[in-house]
Amino acid sequence: MAQVMLRAPLSELCGGRAHAVPGATVGEVLVALEQAHPPIAGWVLDERGRIREHVNVFVNGIHGEERTPVAGDDRVHVLPAITGG
Amino acid sequence: MTELLVGTKKGLFRLEGDGGGFEVTARAFAGQSVEYAMRDPRTGRYLASVTSWFYGPKIWVADDPAGEWEQAAGLELPEGGEDALARIWVIVPGEAEGLVYAGGDPGPLFESRDGGLNWELNRGLWDHPTRPDWNPGAGGLCLHTIAPWPGDPSRLLVAISAVGVWLSDDGGETWRHSNTGINPEYLPEDAPENPIQHCVHDVRRSAGRPERLWMQFHGGVYRSDDAGEHWLDVGDGLPSDFGFPVVVDPADPDAAYVIPHVGAEDRTTPGGVVRVWETRDAGANWKARGDGLPDHDAYLTVLREAFDSDGEGDRLGLYFGATSGEVFGSADAGATWAQVADHLPPIYSVRTV
């Protein structure tokens, strides 16, 4: 399973920074993460199943998107984007 | 003691004070946009709509704004659709036990039956066959006004920019638009009549005469005497027909207050002078009330939810905030004013508690 790495406030809502999550794509991994941790439902993925505009997901350090493949030992980082106002 | 909840671009501020001045007694959601916050007078519970730049819009609930906030559930649009919830702009108590409404962008109405902890989308309005023809205003496709009928949960008015007024007589099961009499001057004269292209900015219902409604339109101030079935332009005498909020004196259905701004191309107080305009004869005449308000070099923008009242009659309290961070207040129905706060982040909403 992929290792999903979170930072606050997501890590606080999920009870920790690292989580082993199944899934063959970034989208599947994030859906599985939401199912395992309902408090973050809607925080990373919107109703359309898209990663929110100002959230970045990296797979092994490379920027990914919903359809990016994820293999067994991949590290998936979910980070707030360097944006804001 | 007056308590104000001020929603800003950088969090929620609670101001408390009286004639001797106000101070910030709580701040929550630092760094996040708080579009709206209110206290449900039936439960004492505080509800705030908060939009994280990163993680989207949520409603949070607390017994004390300085304490712990609990995230509400169910504020989402249908999964797999083409829309995502962008903002929650307003939260309003309903007329049944535990009933609370929330409205947002892109035009959803949400309902809670447990005081605001769990929500459901109102499908009657969301699935209305005219929805594909709804267009947003400058602030988005926002459902910003929710006006229940006192004592009757079956009757409800909502307003959406830039769509218009919607009425329900069956508790929100079915809806019909009601913009008769409103003149959208931003459309060409030869444009085909379109009953759902009306940029309503705000609507308030008179507490003592529920069929009396006041509207600040994109261009014009209107009044309805028949529960929103028809609208009458009553803006003659104002320095501008553009503005965002309108406030009504609960003791007098003929008394309303608006804050005119230079029209859509500018959206600031005219000539750098800040004035609240009052009518006490149902819109026949308007009078500027500004003793204590800035009278030069003050180009303020007061947004739709950033003007509210408490009390009534001669003791009507009026409070408004600007995107430049000032809050002004009057404890005598606008006769005299004082600056309540300064240097806050851009203000989205002001609500009395």
# chains A, B, ... in the order shown; residues from 1 in each chain; ligands from 1
$ residues_around --residues "B:Trp119" --least-positions-apart "4" --cutoff "7 Å" --atoms "only C-alpha atoms" --output "ChimeraX atom specification"
/B:73-75,110-112
$ closest_atom_pairs --of "chain B" --to "chain A" --cutoff "12 Å" --atoms "only C-alpha atoms" --output "JSON lines"
{"residue": "B:Lys9", "atom": "CA", "partner": "A:Gly85", "partner_atom": "CA", "distance": 8.6}
{"residue": "B:Lys10", "atom": "CA", "partner": "A:Gly85", "partner_atom": "CA", "distance": 9.3}
{"residue": "B:Gly31", "atom": "CA", "partner": "A:Gly85", "partner_atom": "CA", "distance": 9.0}
{"residue": "B:Gln32", "atom": "CA", "partner": "A:Gly85", "partner_atom": "CA", "distance": 9.5}
{"residue": "B:Ser33", "atom": "CA", "partner": "A:Gly85", "partner_atom": "CA", "distance": 9.8}
{"residue": "B:Thr51", "atom": "CA", "partner": "A:Trp43", "partner_atom": "CA", "distance": 10.7}
{"residue": "B:Ser52", "atom": "CA", "partner": "A:Trp43", "partner_atom": "CA", "distance": 9.1}
{"residue": "B:Trp53", "atom": "CA", "partner": "A:Gly84", "partner_atom": "CA", "distance": 6.2}
{"residue": "B:Phe54", "atom": "CA", "partner": "A:His54", "partner_atom": "CA", "distance": 4.9}
{"residue": "B:Tyr55", "atom": "CA", "partner": "A:Trp43", "partner_atom": "CA", "distance": 4.5}
{"residue": "B:Gly56", "atom": "CA", "partner": "A:Trp43", "partner_atom": "CA", "distance": 6.4}
{"residue": "B:Pro57", "atom": "CA", "partner": "A:Trp43", "partner_atom": "CA", "distance": 8.7}
{"residue": "B:Lys58", "atom": "CA", "partner": "A:Gly42", "partner_atom": "CA", "distance": 9.1}
{"residue": "B:Glu70", "atom": "CA", "partner": "A:Pro39", "partner_atom": "CA", "distance": 10.7}
{"residue": "B:Gln71", "atom": "CA", "partner": "A:Pro39", "partner_atom": "CA", "distance": 8.5}
{"residue": "B:Ala72", "atom": "CA", "partner": "A:Pro39", "partner_atom": "CA", "distance": 10.0}
{"residue": "B:Ala73", "atom": "CA", "partner": "A:Pro39", "partner_atom": "CA", "distance": 9.0}
{"residue": "B:Gly74", "atom": "CA", "partner": "A:Gly42", "partner_atom": "CA", "distance": 9.7}
{"residue": "B:Leu75", "atom": "CA", "partner": "A:Gly42", "partner_atom": "CA", "distance": 9.1}
{"residue": "B:Glu76", "atom": "CA", "partner": "A:Glu47", "partner_atom": "CA", "distance": 6.6}
{"residue": "B:Leu77", "atom": "CA", "partner": "A:Glu47", "partner_atom": "CA", "distance": 6.1}
{"residue": "B:Pro78", "atom": "CA", "partner": "A:Glu47", "partner_atom": "CA", "distance": 6.6}
{"residue": "B:Glu79", "atom": "CA", "partner": "A:Glu47", "partner_atom": "CA", "distance": 4.7}
{"residue": "B:Gly80", "atom": "CA", "partner": "A:Arg48", "partner_atom": "CA", "distance": 4.7}
{"residue": "B:Gly81", "atom": "CA", "partner": "A:Arg48", "partner_atom": "CA", "distance": 5.7}
{"residue": "B:Glu82", "atom": "CA", "partner": "A:Arg48", "partner_atom": "CA", "distance": 6.4}
{"residue": "B:Asp83", "atom": "CA", "partner": "A:Arg48", "partner_atom": "CA", "distance": 6.8}
{"residue": "B:Ala84", "atom": "CA", "partner": "A:Glu47", "partner_atom": "CA", "distance": 5.5}
{"residue": "B:Leu85", "atom": "CA", "partner": "A:Glu47", "partner_atom": "CA", "distance": 7.7}
{"residue": "B:Ala86", "atom": "CA", "partner": "A:Asp46", "partner_atom": "CA", "distance": 9.7}
{"residue": "B:Pro345", "atom": "CA", "partner": "A:Gly85", "partner_atom": "CA", "distance": 11.4}
{"residue": "B:Pro346", "atom": "CA", "partner": "A:Gly85", "partner_atom": "CA", "distance": 11.4}
$ closest_residue --among "B:Ser178, B:Asn122, B:Thr323, B:Asn135" --to "B:Gln197" --atoms "only C-alpha atoms"
B:Asn135
$ select_by_dssp --residues "chain A" --states "alpha helix (DSSP H)" --output "list in words"
Leu10, Ser11, Glu12, Leu13, Cys14, Val26, Gly27, Glu28, Val29, Leu30, Val31, Ala32, Leu33, Glu34, Gln35 and Ala36 of chain A
$ write_last_selection --atoms "all heavy atoms" --output "short mmCIF file (atom, residue, chain, number, x, y, z; two decimals), in the first residue's frame"
data_model
loop_
_atom_site.label_atom_id
_atom_site.label_comp_id
_atom_site.auth_asym_id
_atom_site.auth_seq_id
_atom_site.Cartn_x
_atom_site.Cartn_y
_atom_site.Cartn_z
N LEU A 10 -4.58 18.37 8.13
CA LEU A 10 -5.05 17.04 7.72
C LEU A 10 -4.52 15.96 8.67
O LEU A 10 -5.24 15.02 9.01
CB LEU A 10 -4.62 16.76 6.28
CG LEU A 10 -5.14 17.72 5.21
CD1 LEU A 10 -4.58 17.36 3.84
CD2 LEU A 10 -6.67 17.71 5.19
N SER A 11 -3.26 16.08 9.07
CA SER A 11 -2.69 15.06 9.96
C SER A 11 -3.42 15.02 11.30
O SER A 11 -3.60 13.95 11.89
CB SER A 11 -1.20 15.34 10.17
OG SER A 11 -1.01 16.63 10.73
N GLU A 12 -3.87 16.19 11.76
CA GLU A 12 -4.62 16.22 13.03
C GLU A 12 -5.97 15.54 12.86
O GLU A 12 -6.44 14.81 13.74
CB GLU A 12 -4.78 17.67 13.49
CG GLU A 12 -3.45 18.34 13.79
CD GLU A 12 -3.57 19.84 13.90
OE1 GLU A 12 -4.66 20.38 13.64
OE2 GLU A 12 -2.55 20.48 14.24
N LEU A 13 -6.62 15.79 11.73
CA LEU A 13 -7.93 15.20 11.49
C LEU A 13 -7.84 13.69 11.30
O LEU A 13 -8.79 12.95 11.60
CB LEU A 13 -8.59 15.83 10.26
CG LEU A 13 -9.02 17.29 10.42
CD1 LEU A 13 -9.32 17.91 9.06
CD2 LEU A 13 -10.24 17.39 11.32
N CYS A 14 -6.70 13.21 10.79
CA CYS A 14 -6.52 11.77 10.52
C CYS A 14 -5.79 11.06 11.65
O CYS A 14 -5.57 9.84 11.54
CB CYS A 14 -5.77 11.58 9.21
SG CYS A 14 -6.73 12.06 7.76
N VAL A 26 -3.68 8.06 -7.72
CA VAL A 26 -3.79 9.08 -6.68
C VAL A 26 -5.25 9.27 -6.28
O VAL A 26 -5.57 9.37 -5.09
CB VAL A 26 -3.18 10.41 -7.18
CG1 VAL A 26 -3.61 11.57 -6.29
CG2 VAL A 26 -1.67 10.32 -7.22
N GLY A 27 -6.14 9.30 -7.26
CA GLY A 27 -7.56 9.47 -6.94
C GLY A 27 -8.08 8.36 -6.06
O GLY A 27 -8.79 8.61 -5.08
N GLU A 28 -7.73 7.13 -6.39
CA GLU A 28 -8.19 6.00 -5.58
C GLU A 28 -7.61 6.05 -4.17
O GLU A 28 -8.30 5.74 -3.19
CB GLU A 28 -7.81 4.69 -6.28
CG GLU A 28 -8.58 4.42 -7.56
CD GLU A 28 -8.17 3.11 -8.22
OE1 GLU A 28 -7.48 2.28 -7.57
OE2 GLU A 28 -8.56 2.91 -9.38
N VAL A 29 -6.35 6.42 -4.08
CA VAL A 29 -5.72 6.51 -2.76
C VAL A 29 -6.41 7.57 -1.90
O VAL A 29 -6.69 7.36 -0.71
CB VAL A 29 -4.22 6.82 -2.92
CG1 VAL A 29 -3.61 7.25 -1.58
CG2 VAL A 29 -3.49 5.61 -3.48
N LEU A 30 -6.72 8.71 -2.52
CA LEU A 30 -7.34 9.78 -1.73
C LEU A 30 -8.77 9.42 -1.32
O LEU A 30 -9.21 9.75 -0.21
CB LEU A 30 -7.33 11.09 -2.53
CG LEU A 30 -5.92 11.66 -2.79
CD1 LEU A 30 -6.00 12.89 -3.68
CD2 LEU A 30 -5.20 11.99 -1.49
N VAL A 31 -9.49 8.74 -2.19
CA VAL A 31 -10.83 8.27 -1.82
C VAL A 31 -10.74 7.28 -0.66
O VAL A 31 -11.51 7.35 0.31
CB VAL A 31 -11.54 7.64 -3.03
CG1 VAL A 31 -12.80 6.90 -2.59
CG2 VAL A 31 -11.90 8.71 -4.05
N ALA A 32 -9.78 6.36 -0.75
CA ALA A 32 -9.60 5.39 0.33
C ALA A 32 -9.20 6.07 1.64
O ALA A 32 -9.63 5.67 2.73
CB ALA A 32 -8.55 4.34 -0.08
N LEU A 33 -8.38 7.10 1.52
CA LEU A 33 -7.99 7.85 2.71
C LEU A 33 -9.21 8.51 3.35
O LEU A 33 -9.38 8.48 4.58
CB LEU A 33 -6.95 8.92 2.34
CG LEU A 33 -6.42 9.77 3.49
CD1 LEU A 33 -5.52 8.94 4.40
CD2 LEU A 33 -5.65 10.99 2.96
N GLU A 34 -10.08 9.10 2.53
CA GLU A 34 -11.31 9.71 3.05
C GLU A 34 -12.20 8.67 3.73
O GLU A 34 -12.80 8.94 4.78
CB GLU A 34 -12.08 10.38 1.93
CG GLU A 34 -11.53 11.71 1.46
CD GLU A 34 -12.49 12.42 0.51
OE1 GLU A 34 -13.47 11.79 0.06
OE2 GLU A 34 -12.28 13.59 0.25
N GLN A 35 -12.30 7.51 3.11
CA GLN A 35 -13.16 6.47 3.68
C GLN A 35 -12.63 5.98 5.02
O GLN A 35 -13.39 5.67 5.94
CB GLN A 35 -13.30 5.33 2.69
CG GLN A 35 -14.10 5.71 1.43
CD GLN A 35 -14.07 4.65 0.36
OE1 GLN A 35 -13.23 3.75 0.38
NE2 GLN A 35 -15.00 4.75 -0.60
N ALA A 36 -11.32 5.92 5.12
CA ALA A 36 -10.71 5.47 6.38
C ALA A 36 -10.75 6.56 7.46
O ALA A 36 -10.72 6.26 8.65
CB ALA A 36 -9.26 5.04 6.13
#
$ atom_distance --atom1 "atom CA of B:Val50" --atom2 "atom CA of B:Trp69"
11.3 Å
$ atom_distance --atom1 "atom CA of B:Trp231" --atom2 "atom CA of B:Val165"
10.5 Å
$ atom_distance --atom1 "atom CA of B:Asp254" --atom2 "atom CA of B:Val302"
22.9 Å
$ select_by_dssp --residues "chain A" --states "strand (DSSP E)" --output "PyMOL selection string"
chain A and resi 2-6+18-21+55-59+62-64+75-80
$ residues_around --residues "stretch 220-222 of chain B" --least-positions-apart "5" --cutoff "10 Å" --atoms "only C-alpha atoms" --output "list in words"
Gly181, Ile182, Asn183, Pro184, Glu185, Val200, His201, Asp202, Val203, Leu213, Trp214, Met215, His230, Trp231, Leu232, Asp233, Val234, Gly235, Asp236, Leu238, Ser240, Asp241, Phe242, Gly243, Val246, Val258, Pro260, Ala282 and Gly283 of chain B
$ write_last_selection --atoms "C-alpha atoms" --output "JSON list (two decimals), in the first residue's frame"
[["chain", "number", "residue", "atom", "x", "y", "z"],
["B", 181, "GLY", "CA", -41.47, 44.98, -11.33],
["B", 182, "ILE", "CA", -37.68, 44.81, -11.09],
["B", 183, "ASN", "CA", -35.96, 46.68, -13.91],
["B", 184, "PRO", "CA", -32.51, 45.24, -14.77],
["B", 185, "GLU", "CA", -31.04, 48.35, -16.40],
["B", 200, "VAL", "CA", -30.58, 41.06, -6.41],
["B", 201, "HIS", "CA", -28.05, 42.18, -3.80],
["B", 202, "ASP", "CA", -30.02, 41.82, -0.58],
["B", 203, "VAL", "CA", -33.58, 41.38, 0.71],
["B", 213, "LEU", "CA", -39.95, 43.32, 1.99],
["B", 214, "TRP", "CA", -37.08, 45.64, 1.15],
["B", 215, "MET", "CA", -34.55, 44.97, -1.61],
["B", 230, "HIS", "CA", -44.45, 42.37, -7.04],
["B", 231, "TRP", "CA", -41.70, 44.94, -6.56],
["B", 232, "LEU", "CA", -41.90, 48.73, -6.58],
["B", 233, "ASP", "CA", -38.91, 51.02, -7.21],
["B", 234, "VAL", "CA", -38.58, 53.37, -4.23],
["B", 235, "GLY", "CA", -35.00, 54.56, -4.78],
["B", 236, "ASP", "CA", -35.71, 58.14, -5.88],
["B", 238, "LEU", "CA", -30.82, 58.39, -3.03],
["B", 240, "SER", "CA", -26.93, 56.25, -6.08],
["B", 241, "ASP", "CA", -29.15, 53.31, -6.84],
["B", 242, "PHE", "CA", -26.26, 50.88, -6.29],
["B", 243, "GLY", "CA", -25.40, 49.29, -2.97],
["B", 246, "VAL", "CA", -30.41, 46.80, 3.36],
["B", 258, "VAL", "CA", -29.21, 51.46, 2.85],
["B", 260, "PRO", "CA", -25.40, 53.79, -1.39],
["B", 282, "ALA", "CA", -41.78, 53.44, 3.00],
["B", 283, "GLY", "CA", -39.31, 54.92, 0.52]]
$ residues_around --residues "A:Pro69" --least-positions-apart "4" --cutoff "12 Å" --atoms "only C-alpha atoms" --output "list in words"
Ala2, Pro22, Gly23, Ala24, Thr25, Val26, Gly27, Glu28, Val29, Phe58, Val59, Asn60, Ile62, His63, Gly64, Glu65, Asp73, Asp74, Arg75 and Val76 of chain A
